[in-house]
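J.: For reference, the file start-v5.cif (mmCIF, C-alpha atoms (C1' of nucleotides)) is included below:
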data_start
#
loop_
_atom_site.label_atom_id
_atom_site.label_comp_id
_atom_site.auth_asym_id
_atom_site.auth_seq_id
_atom_site.Cartn_x
_atom_site.Cartn_y
_atom_site.Cartn_z
CA MET A 1 -29.62 -53.11 29.87
CA ASP A 2 -29.77 -50.24 32.31
CA ASP A 3 -33.14 -51.04 33.79
CA GLY A 4 -33.08 -49.67 37.32
CA LEU A 5 -35.83 -47.26 36.42
CA LEU A 6 -38.04 -50.01 35.04
CA LEU A 7 -37.50 -52.22 38.08
CA GLN A 8 -38.69 -49.34 40.21
CA VAL A 9 -41.78 -48.69 38.11
CA TYR A 10 -42.82 -52.35 38.04
CA GLU A 11 -42.10 -53.03 41.70
CA HIS A 12 -44.94 -55.25 42.98
CA PRO A 13 -45.13 -57.90 45.75
CA LEU A 14 -46.41 -60.55 43.35
CA LEU A 15 -43.66 -60.10 40.76
CA SER A 16 -40.55 -62.29 40.99
CA GLN A 17 -37.10 -61.29 39.78
CA GLU A 18 -37.43 -63.50 36.73
CA GLU A 19 -40.78 -62.02 35.82
CA LEU A 20 -39.42 -58.51 36.22
CA LYS A 21 -36.55 -59.41 33.93
CA ALA A 22 -38.99 -60.71 31.32
CA ILE A 23 -41.06 -57.54 31.56
CA CYS A 24 -38.10 -55.18 31.36
CA SER A 25 -36.54 -56.99 28.43
CA LEU A 26 -39.50 -56.08 26.24
CA HIS A 27 -38.88 -52.35 26.64
CA LYS A 28 -36.90 -50.39 24.09
CA LYS A 29 -35.25 -47.04 24.58
CA VAL A 30 -36.65 -44.21 22.44
CA HIS A 31 -35.97 -40.48 22.20
CA PHE A 32 -38.30 -37.57 21.50
CA GLN A 33 -37.44 -34.00 20.73
CA ARG A 34 -39.11 -31.04 22.36
CA GLY A 35 -42.44 -30.44 20.63
CA ASN A 36 -42.74 -33.96 19.18
CA PHE A 37 -46.03 -35.78 19.58
CA MET A 38 -46.05 -39.20 21.21
CA LEU A 39 -49.73 -39.56 20.30
CA LYS A 40 -52.10 -37.40 18.28
CA GLU A 41 -55.86 -37.30 18.61
CA GLY A 42 -57.48 -39.65 16.12
CA GLN A 43 -54.67 -42.21 16.38
CA VAL A 44 -55.03 -45.53 18.17
CA ALA A 45 -52.27 -45.89 20.75
CA GLY A 46 -50.05 -48.91 20.06
CA GLU A 47 -47.70 -48.63 23.00
CA TYR A 48 -46.99 -46.80 26.19
CA LEU A 49 -43.88 -45.10 27.46
CA ILE A 50 -42.01 -44.85 30.70
CA LEU A 51 -40.38 -41.48 31.02
CA GLU A 52 -36.75 -41.60 32.06
CA GLU A 53 -35.90 -37.99 31.39
CA GLY A 54 -37.94 -34.97 30.34
CA LEU A 55 -41.38 -33.48 30.71
CA VAL A 56 -44.54 -34.39 28.81
CA ARG A 57 -48.10 -33.09 28.71
CA SER A 58 -51.40 -34.40 27.42
CA PHE A 59 -54.10 -32.06 26.15
CA VAL A 60 -57.47 -31.85 24.45
CA HIS A 61 -59.12 -29.11 22.42
CA ASP A 62 -62.24 -27.37 23.67
CA TYR A 63 -64.97 -26.13 21.29
CA ASN A 64 -63.19 -22.83 20.75
CA GLY A 65 -60.03 -24.54 19.58
CA ASN A 66 -58.12 -23.62 22.74
CA ASP A 67 -56.13 -26.43 24.15
CA ILE A 68 -56.60 -27.64 27.69
CA THR A 69 -53.71 -29.44 29.32
CA THR A 70 -55.13 -32.51 31.03
CA ASN A 71 -51.97 -33.86 32.61
CA PHE A 72 -48.25 -33.51 33.05
CA PHE A 73 -45.89 -36.47 33.11
CA SER A 74 -42.58 -36.21 34.91
CA GLU A 75 -39.62 -38.53 35.24
CA ASN A 76 -40.38 -42.12 36.32
CA GLU A 77 -44.01 -41.82 35.24
CA ILE A 78 -45.96 -43.84 32.72
CA VAL A 79 -47.00 -41.84 29.68
CA ILE A 80 -50.15 -43.38 28.28
CA GLU A 81 -53.61 -42.72 26.94
CA VAL A 82 -55.48 -45.50 28.66
CA SER A 83 -58.77 -45.47 26.74
CA SER A 84 -57.13 -45.58 23.36
CA LEU A 85 -54.58 -48.23 24.27
CA PHE A 86 -56.91 -50.62 26.08
CA GLN A 87 -60.15 -50.06 24.23
CA ARG A 88 -58.41 -49.87 20.82
CA ILE A 89 -60.20 -46.68 19.87
CA PRO A 90 -58.93 -43.37 18.45
CA SER A 91 -57.51 -41.09 21.11
CA LYS A 92 -59.31 -37.87 22.02
CA GLU A 93 -56.12 -36.64 23.63
CA ASN A 94 -52.76 -35.51 22.33
CA ILE A 95 -49.53 -36.32 24.09
CA GLN A 96 -46.55 -34.07 23.50
CA ALA A 97 -42.97 -33.73 24.71
CA LEU A 98 -42.39 -30.37 26.40
CA THR A 99 -38.65 -30.98 26.56
CA ASP A 100 -36.34 -33.47 24.87
CA CYS A 101 -37.22 -36.85 26.36
CA ILE A 102 -35.70 -40.27 26.92
CA CYS A 103 -38.28 -43.02 27.28
CA TRP A 104 -38.70 -46.76 27.47
CA LYS A 105 -41.37 -48.07 25.14
CA ILE A 106 -43.39 -51.26 25.27
CA ASP A 107 -45.72 -52.36 22.47
CA PHE A 108 -49.31 -53.28 23.15
CA GLY A 109 -48.87 -56.82 21.83
CA ASP A 110 -45.95 -57.52 24.13
CA PHE A 111 -47.85 -55.96 26.99
CA GLN A 112 -50.83 -58.22 26.33
CA ASN A 113 -48.69 -61.34 26.42
CA LEU A 114 -47.27 -60.37 29.78
CA TYR A 115 -50.66 -59.29 31.09
CA HIS A 116 -52.25 -62.63 30.36
CA SER A 117 -49.35 -64.87 31.33
CA ILE A 118 -48.05 -63.29 34.53
CA THR A 119 -50.56 -63.05 37.37
CA GLY A 120 -48.53 -60.46 39.22
CA PHE A 121 -48.35 -58.30 36.14
CA SER A 122 -52.09 -58.04 35.70
CA GLU A 123 -52.31 -57.24 39.42
CA TRP A 124 -49.68 -54.57 38.96
CA GLY A 125 -51.56 -53.12 35.98
CA ARG A 126 -54.83 -53.01 37.82
CA ALA A 127 -53.23 -51.37 40.84
CA TRP A 128 -51.57 -48.80 38.61
CA MET A 129 -54.83 -48.01 36.86
CA SER A 130 -56.80 -47.75 40.06
CA GLN A 131 -54.23 -45.28 41.34
CA SER A 132 -54.63 -43.23 38.15
CA LEU A 133 -58.38 -43.24 38.58
CA PHE A 134 -57.98 -42.10 42.17
CA GLU A 135 -55.76 -39.21 41.10
CA SER A 136 -58.17 -38.20 38.38
CA LYS A 137 -61.06 -38.13 40.84
CA GLN A 138 -58.99 -36.08 43.23
CA ARG A 139 -58.34 -33.59 40.50
CA ALA A 140 -62.07 -33.16 39.91
CA VAL A 141 -62.69 -32.68 43.64
CA SER A 142 -59.85 -30.17 43.82
CA MET A 143 -61.47 -28.15 41.01
CA ILE A 144 -64.56 -27.93 43.21
CA THR A 145 -63.16 -27.38 46.69
CA ASP A 146 -59.93 -25.45 46.13
CA SER A 147 -59.33 -21.90 44.95
CA ALA A 148 -57.06 -21.28 41.98
CA THR A 149 -54.26 -20.27 44.32
CA GLU A 150 -54.60 -23.45 46.34
CA ARG A 151 -54.55 -25.58 43.21
CA TYR A 152 -51.41 -23.79 42.06
CA LEU A 153 -49.67 -24.31 45.38
CA LYS A 154 -50.60 -27.99 45.37
CA LEU A 155 -49.15 -28.44 41.91
CA LEU A 156 -46.03 -26.57 42.99
CA GLU A 157 -45.65 -28.98 45.89
CA GLU A 158 -46.52 -32.18 44.05
CA LYS A 159 -44.76 -31.53 40.75
CA PRO A 160 -42.29 -28.68 41.16
CA SER A 161 -40.55 -29.63 37.92
CA VAL A 162 -43.74 -28.83 36.02
CA VAL A 163 -43.97 -25.34 37.44
CA GLN A 164 -40.31 -24.79 36.67
CA ASN A 165 -40.28 -26.17 33.15
CA ALA A 166 -43.72 -25.93 31.56
CA PRO A 167 -44.91 -22.75 29.81
CA LEU A 168 -47.25 -20.71 31.95
CA LYS A 169 -50.20 -21.10 29.60
CA HIS A 170 -50.11 -24.89 29.86
CA ILE A 171 -49.99 -24.75 33.63
CA ALA A 172 -52.87 -22.26 33.60
CA SER A 173 -55.14 -24.42 31.46
CA TYR A 174 -54.29 -27.43 33.60
CA LEU A 175 -55.35 -25.46 36.67
CA GLY A 176 -58.51 -24.27 34.93
CA ILE A 177 -57.64 -20.56 34.88
CA THR A 178 -56.37 -18.02 32.34
CA ASP A 179 -52.71 -17.26 31.96
CA SER A 180 -53.29 -13.70 33.18
CA SER A 181 -54.74 -15.03 36.41
CA LEU A 182 -51.89 -17.47 36.89
CA SER A 183 -49.40 -14.70 36.32
CA ARG A 184 -51.06 -12.68 39.10
CA ILE A 185 -51.25 -15.68 41.43
CA ARG A 186 -47.60 -16.40 40.88
CA LYS A 187 -46.72 -12.81 41.66
CA GLU A 188 -48.76 -12.91 44.88
CA THR A 189 -47.39 -16.21 46.13
CA THR A 190 -43.76 -15.54 45.20
CA ARG A 191 -43.52 -12.23 47.06
CA SER A 192 -42.82 -13.73 50.52
CA MET B 1 -81.48 -66.94 38.54
CA ASP B 2 -82.82 -63.85 36.83
CA ASP B 3 -79.55 -62.65 35.39
CA GLY B 4 -80.43 -60.68 32.27
CA LEU B 5 -79.03 -57.57 33.88
CA LEU B 6 -75.73 -59.24 34.70
CA LEU B 7 -75.37 -60.68 31.21
CA GLN B 8 -75.75 -57.18 29.87
CA VAL B 9 -73.19 -55.70 32.25
CA TYR B 10 -70.58 -58.37 31.53
CA GLU B 11 -71.11 -58.45 27.77
CA HIS B 12 -67.66 -58.75 26.16
CA PRO B 13 -66.42 -60.31 22.91
CA LEU B 14 -63.94 -62.56 24.70
CA LEU B 15 -66.44 -64.03 27.16
CA SER B 16 -68.22 -67.28 26.26
CA GLN B 17 -71.69 -68.25 27.48
CA GLU B 18 -70.19 -70.72 29.95
CA GLU B 19 -67.85 -68.13 31.34
CA LEU B 20 -70.69 -65.65 31.68
CA LYS B 21 -72.68 -68.26 33.56
CA ALA B 22 -69.78 -68.85 35.92
CA ILE B 23 -69.41 -65.14 36.52
CA CYS B 24 -73.11 -64.50 37.09
CA SER B 25 -73.49 -67.45 39.44
CA LEU B 26 -71.15 -65.80 41.94
CA HIS B 27 -73.43 -62.80 42.38
CA LYS B 28 -75.96 -62.61 45.19
CA LYS B 29 -78.97 -60.36 45.40
CA VAL B 30 -78.91 -57.79 48.20
CA HIS B 31 -81.19 -54.93 49.24
CA PHE B 32 -80.41 -51.54 50.72
CA GLN B 33 -82.77 -49.02 52.23
CA ARG B 34 -82.72 -45.36 51.41
CA GLY B 35 -79.94 -43.72 53.41
CA ASN B 36 -77.99 -46.92 54.06
CA PHE B 37 -74.28 -46.90 53.43
CA MET B 38 -72.79 -49.45 51.08
CA LEU B 39 -69.31 -48.31 52.09
CA LYS B 40 -68.07 -45.82 54.67
CA GLU B 41 -64.79 -43.95 54.60
CA GLY B 42 -62.15 -45.82 56.54
CA GLN B 43 -63.50 -49.24 55.57
CA VAL B 44 -61.76 -51.49 53.09
CA ALA B 45 -64.19 -52.49 50.33
CA GLY B 46 -64.72 -56.24 50.19
CA GLU B 47 -67.12 -56.41 47.26
CA TYR B 48 -68.75 -54.42 44.54
CA LEU B 49 -72.37 -54.09 43.53
CA ILE B 50 -74.33 -54.00 40.33
CA LEU B 51 -77.33 -51.77 40.69
CA GLU B 52 -80.55 -53.29 39.44
CA GLU B 53 -82.92 -50.73 40.87
CA GLY B 54 -82.43 -47.45 42.71
CA LEU B 55 -80.07 -44.50 42.88
CA VAL B 56 -76.74 -44.28 44.70
CA ARG B 57 -74.17 -41.56 45.31
CA SER B 58 -70.57 -41.48 46.43
CA PHE B 59 -69.17 -38.53 48.36
CA VAL B 60 -66.18 -37.19 50.25
CA HIS B 61 -65.86 -34.53 52.94
CA ASP B 62 -63.95 -31.32 52.29
CA TYR B 63 -61.95 -29.55 55.02
CA ASN B 64 -65.04 -27.65 56.19
CA GLY B 65 -66.97 -30.83 56.77
CA ASN B 66 -69.27 -30.19 53.82
CA ASP B 67 -69.81 -33.20 51.69
CA ILE B 68 -69.04 -33.22 47.99
CA THR B 69 -70.88 -35.73 45.85
CA THR B 70 -68.32 -37.33 43.56
CA ASN B 71 -70.59 -39.57 41.53
CA PHE B 72 -74.09 -40.86 40.99
CA PHE B 73 -74.83 -44.48 40.12
CA SER B 74 -77.99 -45.35 38.23
CA GLU B 75 -79.57 -48.61 37.23
CA ASN B 76 -77.31 -51.10 35.42
CA GLU B 77 -74.18 -49.44 36.71
CA ILE B 78 -71.39 -50.85 38.83
CA VAL B 79 -71.21 -49.36 42.29
CA ILE B 80 -67.63 -49.56 43.47
CA GLU B 81 -64.79 -47.74 45.13
CA VAL B 82 -61.94 -48.86 42.91
CA SER B 83 -58.93 -47.77 44.98
CA SER B 84 -60.15 -49.39 48.14
CA LEU B 85 -61.26 -52.63 46.50
CA PHE B 86 -58.20 -53.21 44.33
CA GLN B 87 -55.47 -51.68 46.45
CA ARG B 88 -56.91 -53.10 49.69
CA ILE B 89 -56.73 -49.76 51.45
CA PRO B 90 -59.29 -47.82 53.53
CA SER B 91 -61.74 -45.89 51.40
CA LYS B 92 -61.68 -42.10 51.34
CA GLU B 93 -65.15 -42.11 49.87
CA ASN B 94 -68.58 -42.96 51.22
CA ILE B 95 -71.17 -44.74 49.12
CA GLN B 96 -74.81 -44.28 50.05
CA ALA B 97 -78.21 -45.36 48.74
CA LEU B 98 -80.35 -42.34 47.83
CA THR B 99 -83.41 -44.56 47.33
CA ASP B 100 -84.22 -48.13 48.28
CA CYS B 101 -81.99 -50.30 46.10
CA ILE B 102 -81.81 -53.80 44.70
CA CYS B 103 -78.28 -54.91 43.86
CA TRP B 104 -76.20 -57.88 42.85
CA LYS B 105 -73.12 -58.34 44.97
CA ILE B 106 -69.85 -60.13 44.22
CA ASP B 107 -67.13 -60.64 46.81
CA PHE B 108 -63.58 -59.62 46.14
CA GLY B 109 -62.26 -63.18 46.60
CA ASP B 110 -64.67 -64.58 44.03
CA PHE B 111 -63.86 -61.72 41.70
CA GLN B 112 -60.14 -62.44 42.02
CA ASN B 113 -60.62 -66.09 41.10
CA LEU B 114 -62.50 -65.13 37.96
CA TYR B 115 -60.07 -62.35 37.15
CA HIS B 116 -57.07 -64.65 37.17
CA SER B 117 -58.67 -67.69 35.54
CA ILE B 118 -60.74 -66.19 32.73
CA THR B 119 -58.78 -64.20 30.16
CA GLY B 120 -61.87 -62.47 28.84
CA PHE B 121 -62.85 -61.40 32.32
CA SER B 122 -59.62 -59.57 33.03
CA GLU B 123 -60.00 -57.91 29.62
CA TRP B 124 -63.53 -56.93 30.51
CA GLY B 125 -62.38 -55.52 33.84
CA ARG B 126 -59.62 -53.51 32.26
CA ALA B 127 -61.95 -52.11 29.63
CA TRP B 128 -64.47 -51.18 32.29
CA MET B 129 -61.85 -49.43 34.35
CA SER B 130 -60.40 -47.56 31.42
CA GLN B 131 -63.88 -46.32 30.60
CA SER B 132 -64.27 -45.11 34.19
CA LEU B 133 -60.97 -43.32 33.98
CA PHE B 134 -62.05 -41.69 30.74
CA GLU B 135 -65.27 -40.46 32.31
CA SER B 136 -63.44 -39.12 35.32
CA LYS B 137 -61.04 -37.18 33.11
CA GLN B 138 -63.95 -35.81 31.11
CA ARG B 139 -65.51 -34.59 34.32
CA ALA B 140 -62.35 -32.66 35.20
CA VAL B 141 -62.24 -31.11 31.72
CA SER B 142 -65.91 -30.18 31.96
CA MET B 143 -65.24 -28.37 35.23
CA ILE B 144 -62.73 -26.25 33.31
CA THR B 145 -64.41 -25.63 29.99
CA ASP B 146 -68.13 -25.59 30.78
CA SER B 147 -70.23 -23.07 32.70
CA ALA B 148 -72.36 -24.25 35.60
CA THR B 149 -75.44 -24.15 33.37
CA GLU B 150 -73.76 -26.28 30.72
CA ARG B 151 -72.69 -28.83 33.29
CA TYR B 152 -76.22 -29.00 34.63
CA LEU B 153 -77.70 -29.50 31.17
CA LYS B 154 -75.18 -32.24 30.39
CA LEU B 155 -76.08 -34.08 33.56
CA LEU B 156 -79.76 -33.65 32.76
CA GLU B 157 -79.15 -35.22 29.37
CA GLU B 158 -76.82 -38.00 30.49
CA LYS B 159 -78.50 -39.00 33.74
CA PRO B 160 -82.03 -37.58 33.85
CA SER B 161 -82.95 -39.92 36.69
CA VAL B 162 -80.37 -38.24 38.89
CA VAL B 163 -81.84 -34.79 38.32
CA GLN B 164 -85.31 -36.16 39.00
CA ASN B 165 -84.50 -38.17 42.10
CA ALA B 166 -81.47 -36.75 43.89
CA PRO B 167 -81.78 -33.88 46.38
CA LEU B 168 -80.73 -30.56 44.89
CA LYS B 169 -77.81 -30.10 47.26
CA HIS B 170 -76.18 -33.34 46.13
CA ILE B 171 -76.57 -32.41 42.51
CA ALA B 172 -75.15 -28.97 43.26
CA SER B 173 -72.03 -30.27 44.99
CA TYR B 174 -71.52 -32.76 42.17
CA LEU B 175 -71.64 -29.87 39.69
CA GLY B 176 -69.30 -27.80 41.83
CA ILE B 177 -71.76 -25.03 42.68
CA THR B 178 -73.91 -24.01 45.65
CA ASP B 179 -77.49 -25.12 45.98
CA SER B 180 -78.70 -21.53 45.63
CA SER B 181 -76.97 -21.25 42.28
CA LEU B 182 -78.40 -24.53 41.09
CA SER B 183 -81.85 -23.44 42.13
CA ARG B 184 -81.49 -20.32 39.99
CA ILE B 185 -80.04 -22.26 37.06
CA ARG B 186 -82.92 -24.69 37.22
CA LYS B 187 -85.39 -21.82 37.22
CA GLU B 188 -83.71 -20.23 34.19
CA THR B 189 -83.48 -23.39 32.13
CA THR B 190 -86.95 -24.71 32.98
CA ARG B 191 -88.79 -21.58 31.88
CA SER B 192 -88.83 -22.44 28.16
"C1'" DT C 1 -103.18 -32.06 63.33
"C1'" DT C 2 -99.34 -29.91 64.87
"C1'" DC C 3 -94.60 -29.08 65.32
"C1'" DA C 4 -89.93 -29.72 63.75
"C1'" DT C 5 -86.83 -30.39 60.25
"C1'" DT C 6 -85.19 -30.44 55.97
"C1'" DT C 7 -85.40 -28.82 51.13
"C1'" DC C 8 -85.77 -25.42 47.99
"C1'" DT C 9 -86.30 -20.53 46.50
"C1'" DT C 10 -85.21 -15.81 46.40
"C1'" DG C 11 -82.99 -11.36 47.58
"C1'" DT C 12 -78.87 -8.45 48.37
"C1'" DC C 13 -74.31 -7.81 48.17
"C1'" DA C 14 -69.31 -9.35 47.64
"C1'" DT C 15 -65.47 -11.30 45.11
"C1'" DA C 16 -62.57 -14.53 42.42
"C1'" DG C 17 -61.44 -14.82 38.25
"C1'" DG C 18 -62.55 -13.65 33.21
"C1'" DT C 19 -62.00 -10.51 29.14
"C1'" DC C 20 -59.68 -7.52 26.44
"C1'" DA C 21 -55.99 -4.74 25.37
"C1'" DA C 22 -51.43 -2.75 25.86
"C1'" DG C 23 -46.69 -3.23 27.05
"C1'" DT C 24 -42.12 -5.56 27.96
"C1'" DG C 25 -38.55 -8.70 27.29
"C1'" DG C 26 -36.64 -12.59 25.02
"C1'" DT C 27 -35.53 -15.54 21.00
"C1'" DA C 28 -35.24 -16.89 16.26
"C1'" DC C 29 -34.97 -16.18 11.67
"C1'" DT C 30 -33.34 -13.14 7.44
"C1'" DA D 1 -29.39 -5.05 12.77
"C1'" DG D 2 -34.09 -5.54 11.96
"C1'" DT D 3 -38.38 -7.83 12.14
"C1'" DA D 4 -41.57 -11.05 13.69
"C1'" DC D 5 -43.14 -13.84 17.09
"C1'" DC D 6 -43.61 -15.79 21.52
"C1'" DA D 7 -44.10 -15.78 26.72
"C1'" DC D 8 -45.28 -13.26 30.31
"C1'" DT D 9 -47.03 -9.15 32.91
"C1'" DT D 10 -50.12 -5.58 34.08
"C1'" DG D 11 -54.21 -2.56 33.96
"C1'" DA D 12 -59.27 -1.46 33.77
"C1'" DC D 13 -63.44 -3.20 33.82
"C1'" DC D 14 -67.07 -7.06 33.86
"C1'" DT D 15 -69.63 -11.23 35.20
"C1'" DA D 16 -70.66 -15.70 37.06
"C1'" DT D 17 -71.08 -17.47 41.11
"C1'" DG D 18 -70.44 -17.39 46.24
"C1'" DA D 19 -72.00 -15.93 51.00
"C1'" DC D 20 -75.45 -15.03 53.95
"C1'" DA D 21 -79.99 -14.61 55.39
"C1'" DA D 22 -84.98 -14.89 55.17
"C1'" DG D 23 -88.96 -17.13 53.49
"C1'" DA D 24 -91.89 -20.88 51.55
"C1'" DA D 25 -92.83 -25.50 50.73
"C1'" DA D 26 -92.49 -30.17 51.57
"C1'" DT D 27 -91.71 -34.07 54.56
"C1'" DG D 28 -91.85 -36.68 58.63
"C1'" DA D 29 -92.60 -37.73 63.37
"C1'" DA D 30 -95.67 -37.53 67.67
#
What would the structure in this file look like if it were written as structure tokens?
T.:
Amino acid sequence: MDDGLLLQVYEHPLLSQEELKAICSLHKKVHFQRGNFMLKEGQVAGEYLILEEGLVRSFVHDYNGNDITTNFFSENEIVIEVSSLFQRIPSKENIQALTDCICWKIDFGDFQNLYHSITGFSEWGRAWMSQSLFESKQRAVSMITDSATERYLKLLEEKPSVVQNAPLKHIASYLGITDSSLSRIRKETTRS
Amino acid sequence: MDDGLLLQVYEHPLLSQEELKAICSLHKKVHFQRGNFMLKEGQVAGEYLILEEGLVRSFVHDYNGNDITTNFFSENEIVIEVSSLFQRIPSKENIQALTDCICWKIDFGDFQNLYHSITGFSEWGRAWMSQSLFESKQRAVSMITDSATERYLKLLEEKPSVVQNAPLKHIASYLGITDSSLSRIRKETTRS
DNA sequence: TTCATTTCTTGTCATAGGTCAAGTGGTACT
DNA sequence: AGTACCACTTGACCTATGACAAGAAATGAA
């Protein structure tokens, strides 16, 4: 099994080589085509994915039916809807492949067994989730303190592959602006 | 020990009465005076609190030195800086009592012992954290889809005690607007 | 009670970004 | 080749909210 990627994702001081092997062996390779949904709102997530290749977004619908991109997932990242997976409730979010994707999948049941039998794994999981929470809070603060242009430039720096590969309208809704505005911002910031 | 509050907070299908007792017995009552800091940026959190009485806020500083309130904690809520506590890193946030407070405190070491010895407790913790993550993501979406007035009305509905007890400037920075704007919004929406 | 300080309100004016609508270029299907 | 549909750009105008500044009202300390 070609699991270099997984070893990197699960790297944690409390996890031994044997434990890592056990964890990795429960992942299966899966493919998604551009446009496919990994999770649709209303479904209960039964697994999560580790993205080896491709670009993914999550989004919700606002009351006007417009969709708001809530996150982008790039290579080496965990693609997951946490509330649905861990609280066993229907997802409010959709998760969709923006390009063809290669992923490693692990089922919730297998995950649970590891989580409750390997101390280091539950530590890893908690650390991962606290990092996600931190990033989410940062996003909210950025919406308050940064201008649209600053938010765009930050995204460009932190996830250049998103800016290069995602349609402008998805990037715009992620940044909290209209696509017209993003088009103007891009024009301004490119001309240098 | 008067632990009705704690029993309510730790309510979870996988936790037995004995386990709940063990968990509650590791909490100690502590008091804070209005204005006191429960955590300052730069410190590593060594505990978390359950708020029995009072009102608390967390905040960060933006690059102009202004502070941005990132959250309010009301009675029965867990007052915590997740990243610092679980990743053992210095906090970027401050946590401060807005009124005199009565809390129940549990130390990180005691928490860890429970977390790794009681299956239901690690499930409870994960569920709690995934709920926090959900709320944080909702906040980011609300910043995008809702007007300032709508955000204010939502806060009023969800946490009326905050609107009644927190200074206007903290509420304003939490909502992502200036205090002048909030003052006008309040005037508009009150006149009914 | 007085003075100082903070909190909140209100006014005027400025601006980032929204709305709506038209236009261009690309891609896919028939 | 023609048609339909996206994705993106651009223009003209509008609006919510910010910036700044001056009061008023409340709070707290001496």
J.: Would you pick out the contacts of D:DC13 at 12 Å or less, using only C-alpha atoms (C1' of nucleotides), so that residues sharing its chain but fewer than 3 positions from it are not included, and give the list as a ChimeraX atom specification?
T.: /C:18-21
J.: I'd like the interatomic distance between atom CA of A:Leu133 and atom CA of B:His27, to a tenth of an Å.
T.: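 Here the two named atoms are 25.0 Å from each other.
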J.: Atom CA of B:Thr189 and atom CA of B:Glu157, how far apart in Å?
T.: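 According to the coordinates, atom CA of B:Glu157 and atom CA of B:Thr189 are separated by 12.9 Å.
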J.: Could you check how far atom CA of A:Ser161 sits from atom CA of A:Gln33, in Å to one decimal?
T.: 18.0 Å
J.: Got a sec to resolve the PyMOL selection byres ((chain B) within 8 of (chain C)) on this structure and send the residues as JSON, numbers by chain?
T.: {"B": [167, 168, 180, 183]}
